[in-house]
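Colleague: my_file.csv is the file, holding CSV, C-alpha atoms:
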chain,number,residue,atom,x,y,z
I,1,MET,CA,131.9,62.2,28.0
I,2,THR,CA,134.7,64.6,29.0
I,3,GLY,CA,137.9,65.0,27.0
I,4,GLY,CA,136.0,64.8,23.7
I,5,GLU,CA,136.1,67.6,21.2
I,6,ILE,CA,134.5,70.9,21.9
I,7,LYS,CA,131.2,71.3,20.1
I,8,THR,CA,128.7,74.0,19.9
I,9,VAL,CA,125.0,72.9,19.8
I,10,GLU,CA,122.1,75.2,19.5
I,11,GLN,CA,118.4,74.3,19.8
I,12,GLU,CA,115.2,76.1,20.2
I,13,MET,CA,112.8,74.9,22.9
I,14,THR,CA,109.2,75.9,23.5
I,15,ILE,CA,108.1,76.2,27.1
I,16,LYS,CA,105.2,73.8,27.7
I,17,ASN,CA,104.3,74.0,31.4
I,18,ARG,CA,101.5,76.4,32.4
I,19,PHE,CA,103.5,78.7,34.7
I,20,GLY,CA,106.6,78.9,32.6
I,21,ILE,CA,110.1,79.4,34.0
I,22,HIS,CA,109.5,80.5,37.5
I,23,ALA,CA,111.8,79.7,40.4
I,24,ARG,CA,111.4,76.0,40.6
I,25,PRO,CA,112.0,75.3,36.9
I,26,ALA,CA,114.9,77.7,36.9
I,27,ALA,CA,116.5,75.8,39.8
I,28,LEU,CA,115.9,72.5,37.9
I,29,ILE,CA,117.6,73.9,34.8
I,30,VAL,CA,120.6,75.0,36.9
I,31,LYS,CA,120.7,71.6,38.6
I,32,THR,CA,120.7,69.9,35.2
I,33,VAL,CA,123.3,72.1,33.6
I,34,SER,CA,125.6,71.7,36.6
I,35,GLN,CA,125.8,67.9,35.9
I,36,PHE,CA,127.6,68.5,32.6
I,37,ALA,CA,130.9,70.0,31.6
I,38,SER,CA,129.6,72.2,28.8
I,39,ASP,CA,128.7,75.9,29.2
I,40,VAL,CA,125.1,76.7,28.6
I,41,THR,CA,123.5,80.0,27.7
I,42,ILE,CA,119.8,80.5,27.3
I,43,SER,CA,118.2,83.4,25.5
I,44,ARG,CA,114.9,84.7,24.5
I,45,GLU,CA,114.6,87.7,22.1
I,46,GLU,CA,117.4,90.0,23.1
I,47,MET,CA,117.6,88.7,26.7
I,48,ILE,CA,120.4,86.2,27.6
I,49,ALA,CA,121.2,84.3,30.7
I,50,SER,CA,123.7,81.7,31.9
I,51,GLY,CA,122.3,78.2,32.4
I,52,LYS,CA,123.8,78.2,35.9
I,53,SER,CA,122.2,81.5,37.0
I,54,ILE,CA,118.8,81.2,38.6
I,55,MET,CA,118.3,84.9,38.8
I,56,GLY,CA,119.4,85.3,35.2
I,57,LEU,CA,117.0,82.6,34.0
I,58,LEU,CA,114.1,84.3,35.8
I,59,THR,CA,114.7,87.5,33.9
I,60,LEU,CA,114.1,85.7,30.5
I,61,GLU,CA,110.3,85.7,31.3
I,62,GLY,CA,109.8,82.3,29.8
I,63,TYR,CA,106.1,82.0,29.8
I,64,GLN,CA,104.1,79.0,28.4
I,65,GLY,CA,104.6,79.1,24.6
I,66,ALA,CA,107.7,81.2,24.7
I,67,VAL,CA,110.6,80.0,22.5
I,68,LEU,CA,114.0,79.8,24.2
I,69,LYS,CA,117.2,79.4,22.3
I,70,VAL,CA,119.6,77.1,24.2
I,71,THR,CA,123.3,77.1,23.3
I,72,ALA,CA,125.7,74.6,24.7
I,73,VAL,CA,129.5,74.7,24.2
I,74,GLY,CA,131.7,71.9,25.4
I,75,PRO,CA,132.6,68.2,25.1
I,76,ASP,CA,129.1,67.0,26.2
I,77,ALA,CA,127.0,69.7,24.4
I,78,ASP,CA,124.7,67.1,22.8
I,79,GLU,CA,124.0,65.4,26.1
I,80,VAL,CA,123.2,68.6,28.0
I,81,ILE,CA,120.9,69.8,25.2
I,82,ALA,CA,119.1,66.5,25.3
I,83,ALA,CA,118.7,66.6,29.0
I,84,LEU,CA,117.3,70.1,28.9
I,85,GLN,CA,114.9,69.2,26.1
I,86,ASP,CA,113.7,66.3,28.3
I,87,LEU,CA,113.1,68.7,31.1
I,88,VAL,CA,111.1,71.1,29.0
I,89,GLU,CA,109.1,68.3,27.4
I,90,SER,CA,108.3,66.9,30.8
I,91,LYS,CA,107.0,70.3,31.8
I,92,PHE,CA,109.4,70.5,34.7
I,93,PHE,CA,107.3,67.8,36.3
I,94,GLU,CA,104.6,70.4,37.0
I,95,ASP,CA,101.4,70.2,35.0
V,1,MET,CA,111.5,60.0,81.5
V,2,GLU,CA,110.8,58.9,85.0
V,3,ILE,CA,112.7,60.4,88.0
V,4,THR,CA,113.0,59.4,91.6
V,5,VAL,CA,112.4,61.5,94.7
V,6,ARG,CA,116.1,61.4,95.2
V,7,THR,CA,116.8,63.2,91.9
V,8,PHE,CA,114.2,65.7,92.8
V,9,TYR,CA,115.7,66.2,96.3
V,10,GLU,CA,119.3,66.4,95.1
V,11,GLU,CA,118.6,68.7,92.2
V,12,GLY,CA,116.3,70.9,94.2
V,13,LYS,CA,118.0,71.0,97.5
V,14,GLU,CA,119.3,74.5,97.2
V,15,LEU,CA,116.7,75.9,94.8
V,16,LEU,CA,113.7,74.7,96.8
V,17,GLN,CA,115.5,74.8,100.2
V,18,LEU,CA,114.7,71.2,100.9
V,19,GLY,CA,115.5,69.1,103.9
V,20,ILE,CA,114.6,65.5,104.8
V,21,GLU,CA,112.2,65.1,107.8
V,22,ALA,CA,111.8,61.4,107.6
V,23,GLY,CA,112.1,58.4,105.4
V,24,GLU,CA,115.5,59.0,103.9
V,25,ALA,CA,115.7,55.3,103.0
V,26,PHE,CA,112.7,55.6,100.7
V,27,LEU,CA,114.1,58.3,98.4
V,28,ASP,CA,114.2,56.0,95.4
V,29,ASN,CA,110.4,56.1,95.1
V,30,PRO,CA,109.6,57.0,91.5
V,31,ILE,CA,107.7,60.2,90.6
V,32,SER,CA,105.6,59.1,87.7
V,33,GLU,CA,103.5,62.2,87.2
V,34,ILE,CA,105.1,65.5,86.3
V,35,SER,CA,103.2,67.7,88.6
V,36,LEU,CA,102.6,68.4,92.3
V,37,ASN,CA,99.4,68.2,94.2
V,38,ARG,CA,97.9,69.9,97.3
V,39,PRO,CA,95.9,67.1,98.9
V,40,GLY,CA,93.2,69.3,100.6
V,41,LEU,CA,90.3,67.3,99.3
V,42,ALA,CA,92.0,64.0,100.1
V,43,LEU,CA,92.6,65.0,103.7
V,44,ALA,CA,88.9,65.8,103.9
V,45,GLY,CA,88.3,62.2,102.8
V,46,PHE,CA,87.5,62.7,99.2
V,47,TYR,CA,89.6,60.4,97.0
V,48,GLN,CA,88.0,60.4,93.6
V,49,TYR,CA,90.5,61.6,91.1
V,50,PHE,CA,93.2,61.9,93.8
V,51,ALA,CA,96.5,62.5,92.0
V,52,GLN,CA,98.4,59.8,93.9
V,53,LYS,CA,101.3,59.6,91.5
V,54,ARG,CA,102.4,63.2,92.3
V,55,ILE,CA,104.4,64.6,95.1
V,56,GLN,CA,101.9,65.9,97.8
V,57,VAL,CA,102.4,69.3,99.2
V,58,ILE,CA,101.2,70.3,102.7
V,59,GLY,CA,100.9,74.1,102.8
V,60,LEU,CA,99.5,76.5,105.3
V,61,ALA,CA,95.9,75.6,104.4
V,62,GLU,CA,96.4,71.8,104.7
V,63,SER,CA,98.4,72.0,107.9
V,64,SER,CA,95.8,74.3,109.5
V,65,TYR,CA,93.1,71.9,108.5
V,66,LEU,CA,95.1,69.0,110.0
V,67,LYS,CA,95.5,70.9,113.2
V,68,SER,CA,91.8,71.5,113.4
V,69,MET,CA,91.3,67.7,113.8
V,70,THR,CA,91.7,65.5,116.8
V,71,SER,CA,94.9,63.6,116.7
V,72,THR,CA,93.1,60.2,116.0
V,73,GLU,CA,91.2,61.7,113.2
V,74,ARG,CA,94.3,63.3,111.7
V,75,SER,CA,96.3,60.1,111.9
V,76,ARG,CA,93.4,58.2,110.2
V,77,GLN,CA,93.2,60.8,107.4
V,78,LEU,CA,96.9,60.9,106.8
V,79,ALA,CA,97.2,57.1,106.8
V,80,LEU,CA,94.5,57.0,104.1
V,81,MET,CA,96.6,59.2,101.9
V,82,PHE,CA,99.9,57.4,102.6
V,83,LYS,CA,98.2,54.1,101.7
V,84,LYS,CA,97.8,55.5,98.2
V,85,LYS,CA,101.5,55.0,97.8
V,86,ILE,CA,102.2,58.7,97.0
V,87,PRO,CA,105.9,59.3,96.0
V,88,ALA,CA,106.7,61.8,98.7
V,89,LEU,CA,105.2,64.4,100.9
V,90,VAL,CA,106.6,68.0,101.3
V,91,VAL,CA,105.8,70.3,104.1
V,92,THR,CA,106.4,74.0,103.2
V,93,ARG,CA,107.3,77.1,105.2
V,94,ASN,CA,110.0,75.2,107.1
V,95,ARG,CA,107.4,73.8,109.5
V,96,ARG,CA,108.6,70.6,111.2
V,97,ALA,CA,106.5,67.6,110.4
V,98,PRO,CA,104.5,66.3,113.3
V,99,LYS,CA,105.5,63.1,114.9
V,100,ASP,CA,102.6,61.1,113.6
V,101,LEU,CA,103.7,62.0,110.0
V,102,CYS,CA,107.1,60.6,110.6
V,103,ALA,CA,105.7,57.4,111.9
V,104,LEU,CA,103.5,57.1,108.8
V,105,SER,CA,106.6,57.8,106.7
V,106,THR,CA,108.4,54.7,108.0
V,107,ARG,CA,105.3,52.5,108.0
V,108,TYR,CA,104.3,53.2,104.4
V,109,ARG,CA,107.9,53.7,103.1
V,110,ILE,CA,107.3,57.3,101.9
V,111,PRO,CA,109.8,60.1,102.4
V,112,VAL,CA,108.7,63.3,104.1
V,113,LEU,CA,110.6,66.4,103.0
V,114,ARG,CA,110.5,70.0,104.2
V,115,SER,CA,110.9,73.2,102.2
V,116,GLY,CA,111.8,76.7,103.5
V,117,MET,CA,109.7,78.3,100.8
V,118,ILE,CA,106.1,79.5,101.0
V,119,THR,CA,103.7,77.2,99.3
V,120,GLY,CA,102.9,79.2,96.2
V,121,HIS,CA,106.5,79.8,95.2
V,122,PHE,CA,107.4,76.2,96.1
V,123,MET,CA,104.7,74.9,93.8
V,124,ASN,CA,105.9,77.0,90.9
V,125,GLU,CA,109.6,76.3,91.3
V,126,ALA,CA,109.1,72.6,92.0
V,127,THR,CA,106.8,72.1,88.9
V,128,LEU,CA,109.4,73.8,86.7
V,129,LEU,CA,112.2,71.7,88.2
V,130,ILE,CA,110.3,68.4,87.7
V,131,GLU,CA,109.5,69.4,84.2
V,132,ARG,CA,113.1,70.2,83.5
V,133,LEU,CA,114.3,67.0,85.1
V,134,THR,CA,111.9,64.8,83.1
V,135,ALA,CA,112.2,66.6,79.8
V,136,PRO,CA,113.7,64.5,77.0
V,137,SER,CA,117.2,65.7,76.2
V,138,MET,CA,120.2,64.6,74.2
V,139,ARG,CA,123.8,65.6,73.4
V,140,LEU,CA,124.9,65.9,69.9
V,141,HIS,CA,127.9,67.1,67.9
V,142,GLY,CA,127.5,70.6,66.8
V,143,THR,CA,128.3,74.2,67.8
V,144,MET,CA,125.4,76.3,69.0
V,145,VAL,CA,125.3,80.1,68.5
V,146,ASP,CA,122.7,82.8,69.1
V,147,ILE,CA,122.5,85.2,66.2
V,148,MET,CA,120.3,88.2,67.1
V,149,GLY,CA,118.0,85.9,69.1
V,150,VAL,CA,117.9,83.2,66.5
V,151,GLY,CA,119.4,80.0,67.9
V,152,VAL,CA,121.5,78.2,65.2
V,153,LEU,CA,123.0,74.8,65.6
V,154,ILE,CA,126.0,74.4,63.3
V,155,GLU,CA,126.7,70.8,62.3
V,156,GLY,CA,129.2,69.1,60.1
V,157,PRO,CA,132.1,66.6,59.9
V,158,PRO,CA,135.1,67.3,62.1
V,159,GLY,CA,137.5,69.9,60.7
V,160,ILE,CA,135.0,71.5,58.4
V,161,GLY,CA,135.1,74.7,60.4
V,162,LYS,CA,132.2,74.8,62.8
V,163,SER,CA,134.3,76.4,65.6
V,164,GLU,CA,135.9,78.8,63.2
V,165,ALA,CA,132.5,79.9,61.9
V,166,ALA,CA,131.3,80.3,65.5
V,167,LEU,CA,134.4,82.4,66.3
V,168,ALA,CA,133.8,84.7,63.3
V,169,LEU,CA,130.2,85.0,64.4
V,170,ILE,CA,131.3,86.0,67.9
V,171,GLU,CA,133.5,88.7,66.3
V,172,ARG,CA,130.4,89.9,64.5
V,173,GLY,CA,128.8,90.5,67.9
V,174,HIS,CA,126.8,87.2,68.3
V,175,SER,CA,127.0,84.8,71.2
V,176,LEU,CA,128.3,81.3,71.6
V,177,VAL,CA,126.2,78.8,73.5
V,178,ALA,CA,128.1,75.6,73.1
V,179,ASP,CA,131.2,74.5,71.2
V,180,ASP,CA,131.3,71.1,69.7
V,181,ILE,CA,128.9,69.3,72.1
V,182,THR,CA,125.4,70.8,72.4
V,183,VAL,CA,122.8,69.7,74.8
V,184,LEU,CA,119.2,69.8,73.5
V,185,ARG,CA,116.2,69.6,75.8
V,186,LYS,CA,112.6,69.7,74.9
V,187,ASP,CA,111.3,72.6,76.9
V,188,SER,CA,107.6,72.5,75.9
V,189,ASP,CA,105.4,71.3,73.1
V,190,ARG,CA,106.8,74.2,71.0
V,191,ALA,CA,110.3,74.8,72.0
V,192,ILE,CA,113.7,73.1,72.2
V,193,VAL,CA,116.3,74.7,74.4
V,194,ALA,CA,120.0,74.3,73.6
V,195,SER,CA,122.8,74.7,76.1
V,196,SER,CA,126.3,73.4,76.7
V,197,VAL,CA,127.7,70.8,79.0
V,198,GLU,CA,128.4,72.4,82.4
V,199,VAL,CA,132.0,71.5,82.6
V,200,THR,CA,133.1,72.9,79.2
V,201,ARG,CA,130.9,75.9,79.3
V,202,TYR,CA,132.5,79.2,78.0
V,203,HIS,CA,135.3,77.3,76.4
V,204,MET,CA,136.2,76.5,72.8
V,205,GLU,CA,138.8,74.4,71.1
V,206,ILE,CA,140.3,76.0,68.0
V,207,ARG,CA,142.7,73.8,65.9
V,208,GLY,CA,146.2,75.1,66.2
V,209,LEU,CA,145.4,77.3,69.2
V,210,GLY,CA,144.1,74.8,71.7
V,211,ILE,CA,141.5,75.7,74.3
V,212,ILE,CA,140.4,79.3,74.8
V,213,HIS,CA,138.1,81.0,77.3
V,214,VAL,CA,135.6,82.9,75.2
V,215,PRO,CA,134.4,85.6,77.6
V,216,SER,CA,137.9,86.5,78.7
V,217,LEU,CA,138.8,87.2,75.0
V,218,PHE,CA,135.6,88.6,73.7
V,219,GLY,CA,133.7,89.9,76.7
V,220,VAL,CA,130.7,88.7,78.7
V,221,ALA,CA,128.3,89.3,75.8
V,222,SER,CA,130.1,86.7,73.7
V,223,MET,CA,128.5,83.8,75.7
V,224,ARG,CA,125.0,82.7,76.5
V,225,ARG,CA,123.9,79.9,78.8
V,226,ASP,CA,121.1,78.7,76.6
V,227,THR,CA,119.0,79.7,73.6
V,228,LYS,CA,116.0,78.3,71.7
V,229,LEU,CA,116.8,76.1,68.7
V,230,ASP,CA,115.4,77.8,65.7
V,231,LEU,CA,117.6,76.6,62.8
V,232,ILE,CA,120.1,73.8,62.0
V,233,VAL,CA,122.9,74.6,59.6
V,234,ARG,CA,124.6,71.6,58.2
V,235,LEU,CA,128.0,72.3,56.7
V,236,LYS,CA,129.2,69.9,54.0
V,237,ARG,CA,132.1,69.8,51.6
V,238,ALA,CA,131.2,71.3,48.3
V,239,SER,CA,130.6,68.8,45.5
V,240,VAL,CA,128.6,68.5,42.2
V,241,ASP,CA,125.5,67.3,44.0
V,242,ASP,CA,125.1,70.7,45.7
V,243,GLU,CA,122.7,72.0,43.1
V,244,ASN,CA,119.7,70.7,45.1
V,245,ASP,CA,117.2,73.4,45.5
V,246,ARG,CA,119.1,76.5,44.7
V,247,SER,CA,115.9,78.5,44.9
V,248,GLY,CA,115.2,78.0,48.6
V,249,LEU,CA,111.6,77.1,47.6
V,250,THR,CA,111.7,73.6,49.2
V,251,PRO,CA,112.5,74.0,52.8
V,252,SER,CA,114.1,71.1,54.7
V,253,PHE,CA,113.3,70.1,58.2
V,254,ARG,CA,114.8,67.8,60.8
V,255,GLU,CA,112.6,66.1,63.4
V,256,VAL,CA,113.9,66.8,66.9
V,257,PHE,CA,111.8,65.5,69.8
V,258,GLY,CA,108.9,65.4,67.5
V,259,LEU,CA,109.3,69.0,66.4
V,260,SER,CA,110.2,70.1,62.9
V,261,VAL,CA,113.3,72.3,63.0
V,262,PRO,CA,114.3,74.1,59.8
V,263,LEU,CA,117.4,72.6,58.2
V,264,LEU,CA,119.8,74.3,55.8
V,265,THR,CA,122.7,72.6,54.1
V,266,LEU,CA,125.6,74.9,53.2
V,267,PRO,CA,128.3,73.6,50.8
V,268,VAL,CA,131.6,74.8,52.1
V,269,ALA,CA,133.9,75.9,49.3
V,270,ALA,CA,137.4,77.5,49.7
V,271,GLY,CA,137.1,81.2,50.3
V,272,ARG,CA,133.4,81.2,51.3
V,273,ASP,CA,132.7,83.5,54.2
V,274,LEU,CA,130.7,81.0,56.2
V,275,ALA,CA,130.0,83.2,59.2
V,276,HIS,CA,128.5,85.8,56.9
V,277,VAL,CA,126.3,83.3,55.2
V,278,ILE,CA,125.1,81.8,58.5
V,279,GLU,CA,124.3,85.2,59.7
V,280,VAL,CA,122.2,85.9,56.7
V,281,ALA,CA,120.5,82.5,57.1
V,282,ALA,CA,119.6,83.5,60.6
V,283,ARG,CA,118.2,86.8,59.4
V,284,ASN,CA,116.2,85.0,56.7
V,285,GLN,CA,114.9,82.5,59.3
V,286,LYS,CA,113.8,85.5,61.5
V,287,LEU,CA,112.0,86.9,58.4
V,288,LYS,CA,110.3,83.6,57.8
V,289,ASP,CA,109.2,83.4,61.4
V,290,LEU,CA,107.5,86.8,60.8
V,291,GLY,CA,105.6,85.3,57.9
V,292,HIS,CA,107.7,86.5,55.0
V,293,ASP,CA,109.2,83.9,52.7
V,294,ALA,CA,111.3,85.8,50.1
V,295,ALA,CA,111.7,82.8,47.7
V,296,LYS,CA,107.9,82.1,47.8
V,297,GLU,CA,106.9,85.8,47.4
V,298,LEU,CA,109.2,86.2,44.4
V,299,ASP,CA,107.9,83.0,42.8
V,300,GLU,CA,104.3,84.2,43.2
V,301,LYS,CA,105.2,87.4,41.6
V,302,LEU,CA,106.9,85.6,38.7
V,303,ILE,CA,104.1,83.1,38.2
V,304,ALA,CA,101.6,86.0,38.1
V,305,MET,CA,103.7,87.8,35.5
V,306,LEU,CA,104.3,84.7,33.3
V,307,THR,CA,100.6,83.8,33.4
V,308,ARG,CA,99.7,87.3,32.3
V,309,LYS,CA,102.2,87.1,29.4
V,310,ARG,CA,100.8,83.7,28.3
V,311,GLN,CA,97.3,85.1,28.1
V,312,THR,CA,98.0,88.3,26.3
V,313,ARG,CA,100.4,86.8,23.9
I need this file expressed as structure tokens, please.
Modeller:
Amino acid sequence: MTGGEIKTVEQEMTIKNRFGIHARPAALIVKTVSQFASDVTISREEMIASGKSIMGLLTLEGYQGAVLKVTAVGPDADEVIAALQDLVESKFFED
Amino acid sequence: MEITVRTFYEEGKELLQLGIEAGEAFLDNPISEISLNRPGLALAGFYQYFAQKRIQVIGLAESSYLKSMTSTERSRQLALMFKKKIPALVVTRNRRAPKDLCALSTRYRIPVLRSGMITGHFMNEATLLIERLTAPSMRLHGTMVDIMGVGVLIEGPPGIGKSEAALALIERGHSLVADDITVLRKDSDRAIVASSVEVTRYHMEIRGLGIIHVPSLFGVASMRRDTKLDLIVRLKRASVDDENDRSGLTPSFREVFGLSVPLLTLPVAAGRDLAHVIEVAARNQKLKDLGHDAAKELDEKLIAMLTRKRQTR
């Protein structure tokens, strides 16, 4: 995984769980991002947050149906995007 | 835990002003009920529900009643009680036990003690003593500090900085209870009391410095004999797996003597001011004890906002 070429991967994700990105999902995103080497930023409209900042993610106001733009930069950018997509699809294990 | 009359006698000798009147050879009788009894009804001949597993206390009322009897009647009544295999008998107010009591002591192998206290005080102090002696307790590795009335046990592998953290907390005005080895004792159904081992009390060992005497260096307020255990802080070396619950929404607990004690795991990374973080943890615990959970309250606010947005979108 590490040592590969630096890639930039961008993907839009639609929030599916009922309560959106509140504290628990934000903590899950941070936990997931921290397992990879790539840097992740997540944005919605003009708001932007680091994938490793719980407080930042909360300010995105990611309600159910909101579209987030996730950008990963690093050697395992594809993997981290896939892992985050899984997390969003599984509704953060909530609903 | 069961104790013997000997333990009760030896631990309470000064506190309860105890002396042995008769039956020193029988001090190893077990006390199997953690309480004391005044056997007034038994002496009157009523033995239903007689608490025979408890130490029996002869106070002013009981001894006046015994005195009102003829000596034959008194011996008969006392013998009835001794036959119940009570653990021990205590006569209060420093009155000498009458001869017939001493004879019964030998015959039924039950020690008779004397206390210099008045009965009411003796009952209170002796009950507390027996409770303390029989309370479950254990020693564990960890440094105990009192932070503004919040008792915090700092745990972690050797060399991670428990003592240094405690030292920094003392400098911030908090008190040390025990360094490295902490004694925990279940005080009641709701509380665990932490203290230090008597022999090392007031001392700390700091790597590179050796043993120091804390109150000499930091003043009397820097030490406390004991404190309630309110929070366990576990120090661990920082690693990638530390991203577990960054939100503080999923509290952890550790079972101690059947009680749930809040448990925090702090990753230790170079340059982190542990004492400061532990102090904030103690403040936050205090706030939670008052019924305010900051993480939960913020989350409720967020969920309300996100739900509103979802509906009005």
Colleague: Kindly provide the residues of chain I that approach chain V to within 9 Å, each paired with its closest atom pair and their distance in Å to one decimal, based on all atoms listed in the file, listed by chain and increasing number, as JSON lines.
Modeller:
{"residue": "I:Arg18", "atom": "CA", "partner": "V:Thr307", "partner_atom": "CA", "distance": 7.5}
{"residue": "I:Phe19", "atom": "CA", "partner": "V:Ile303", "partner_atom": "CA", "distance": 5.7}
{"residue": "I:Gly20", "atom": "CA", "partner": "V:Leu306", "partner_atom": "CA", "distance": 6.3}
{"residue": "I:Ile21", "atom": "CA", "partner": "V:Leu306", "partner_atom": "CA", "distance": 7.9}
{"residue": "I:His22", "atom": "CA", "partner": "V:Leu302", "partner_atom": "CA", "distance": 5.8}
{"residue": "I:Ala23", "atom": "CA", "partner": "V:Asp299", "partner_atom": "CA", "distance": 5.6}
{"residue": "I:Arg24", "atom": "CA", "partner": "V:Ser247", "partner_atom": "CA", "distance": 6.7}
{"residue": "I:Ala26", "atom": "CA", "partner": "V:Ser247", "partner_atom": "CA", "distance": 8.1}
{"residue": "I:Ala27", "atom": "CA", "partner": "V:Arg246", "partner_atom": "CA", "distance": 5.6}
{"residue": "I:Leu28", "atom": "CA", "partner": "V:Asp245", "partner_atom": "CA", "distance": 7.8}
{"residue": "I:Val30", "atom": "CA", "partner": "V:Glu243", "partner_atom": "CA", "distance": 7.2}
{"residue": "I:Lys31", "atom": "CA", "partner": "V:Glu243", "partner_atom": "CA", "distance": 4.9}
{"residue": "I:Thr32", "atom": "CA", "partner": "V:Glu243", "partner_atom": "CA", "distance": 8.4}
{"residue": "I:Ser34", "atom": "CA", "partner": "V:Val240", "partner_atom": "CA", "distance": 7.1}
{"residue": "I:Gln35", "atom": "CA", "partner": "V:Val240", "partner_atom": "CA", "distance": 6.9}
{"residue": "I:Ile54", "atom": "CA", "partner": "V:Ser247", "partner_atom": "CA", "distance": 7.4}
{"residue": "I:Leu58", "atom": "CA", "partner": "V:Leu302", "partner_atom": "CA", "distance": 7.9}
{"residue": "I:Glu61", "atom": "CA", "partner": "V:Leu306", "partner_atom": "CA", "distance": 6.4}
{"residue": "I:Gly62", "atom": "CA", "partner": "V:Leu306", "partner_atom": "CA", "distance": 6.9}
{"residue": "I:Tyr63", "atom": "CA", "partner": "V:Leu306", "partner_atom": "CA", "distance": 4.8}
{"residue": "I:Gln64", "atom": "CA", "partner": "V:Arg310", "partner_atom": "CA", "distance": 5.7}
{"residue": "I:Gly65", "atom": "CA", "partner": "V:Arg310", "partner_atom": "CA", "distance": 7.0}
{"residue": "I:Ala66", "atom": "CA", "partner": "V:Arg310", "partner_atom": "CA", "distance": 8.2}
Colleague: Can you pull out every residue within 8 Å of Gly59 (chain V), counting all atoms listed in the file, but drop anything in the same chain fewer than 5 positions away, and send it as a list in words?
Modeller: Arg38, Val91, Thr92, Arg93, Ile118 and Thr119 of chain V
Colleague: Set the distance at 8 Å and use only C-alpha atoms: which residues neighbour Asp76 (chain I) once local chain neighbours fewer than 3 positions away are removed? I'd like the list as a PyMOL selection string.
Modeller: chain I and resi 1-2+4+6-7+36-38+73+79-80
Colleague: Residues near Glu279 (chain V), anyone? I mean within 12 Å using all atoms listed in the file, not counting same-chain ones fewer than 2 positions away, as a PyMOL selection string.
Modeller: chain V and resi 145-152+154+165-166+168-175+231+233+273-277+281-286
Colleague: Which one of I:Met47, I:Leu87, I:Ile42, I:Ile29 sits closest to Val9 (chain I) if you count all atoms listed in the file?
Modeller: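 The answer is I:Ile42, which sits nearest to Val9 (chain I).
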Colleague: Just checking: using all atoms listed in the file, which residue out of V:Glu155, V:Glu205, V:Ala194, V:Gly210 ends up closest to Lys228 (chain V)?
Modeller: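 Answer, going by the shortest atom-to-atom distance: V:Ala194.
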Colleague: Would you mind reading off the distance between CA of Lys186 (chain V) and CA of Ile31 (chain V), one decimal, in Å?
Modeller: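 Distance reported for this atom pair: 19.0 Å.
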Colleague: Pick the closest to Ser35 (chain V) from V:Ile130, V:Ala61, V:Ala88, V:Met117: which is it, counting all atoms listed in the file?
Modeller: V:Ile130
Colleague: Might you pull out every residue within 9 Å of Ala135 (chain V), with all atoms listed in the file counted and same-chain residues fewer than 4 positions away left off, and present them as a CSV table (one decimal) with C-alpha atoms, in the frame of the given file?
Modeller:
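Output file result17.csv follows:
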chain,number,residue,atom,x,y,z
V,1,MET,CA,111.5,60.0,81.5
V,130,ILE,CA,110.3,68.4,87.7
V,131,GLU,CA,109.5,69.4,84.2
V,185,ARG,CA,116.2,69.6,75.8
V,186,LYS,CA,112.6,69.7,74.9
V,187,ASP,CA,111.3,72.6,76.9
V,188,SER,CA,107.6,72.5,75.9
Colleague: Please provide the set of residues having any atom within 12 Å of Gln85 (chain I), restricted to all atoms listed in the file, with same-chain residues fewer than 2 positions apart removed, written as number ranges by chain.
Modeller: I: 10-16, 29, 32-33, 68-71, 78-83, 87-92
Colleague: Go ahead and compute the interatomic distance for CA of Leu217 (chain V) and CA of His141 (chain V), in Å to one decimal.
Modeller: 23.9 Å
Colleague: Work out how far apart CA of Leu27 (chain V) and CA of Pro111 (chain V) are and give it in Å to one decimal.
Modeller: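 Distance reported for this atom pair: 6.1 Å.
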Colleague: Could you check the closest approach to Leu84 (chain I) for each of I:Val40, I:Leu60, I:Ile48, I:Val67 and tell me which residue wins, using only C-alpha atoms?
Modeller: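 For Leu84 (chain I), the nearest of the candidates is I:Val40.
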Colleague: From the set V:Gln52, V:Ser75, V:Thr200, V:Thr4, which residue has the shortest atom-to-atom contact distance to His213 (chain V), counting all atoms listed in the file?
Modeller: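 Closest candidate: V:Thr200.
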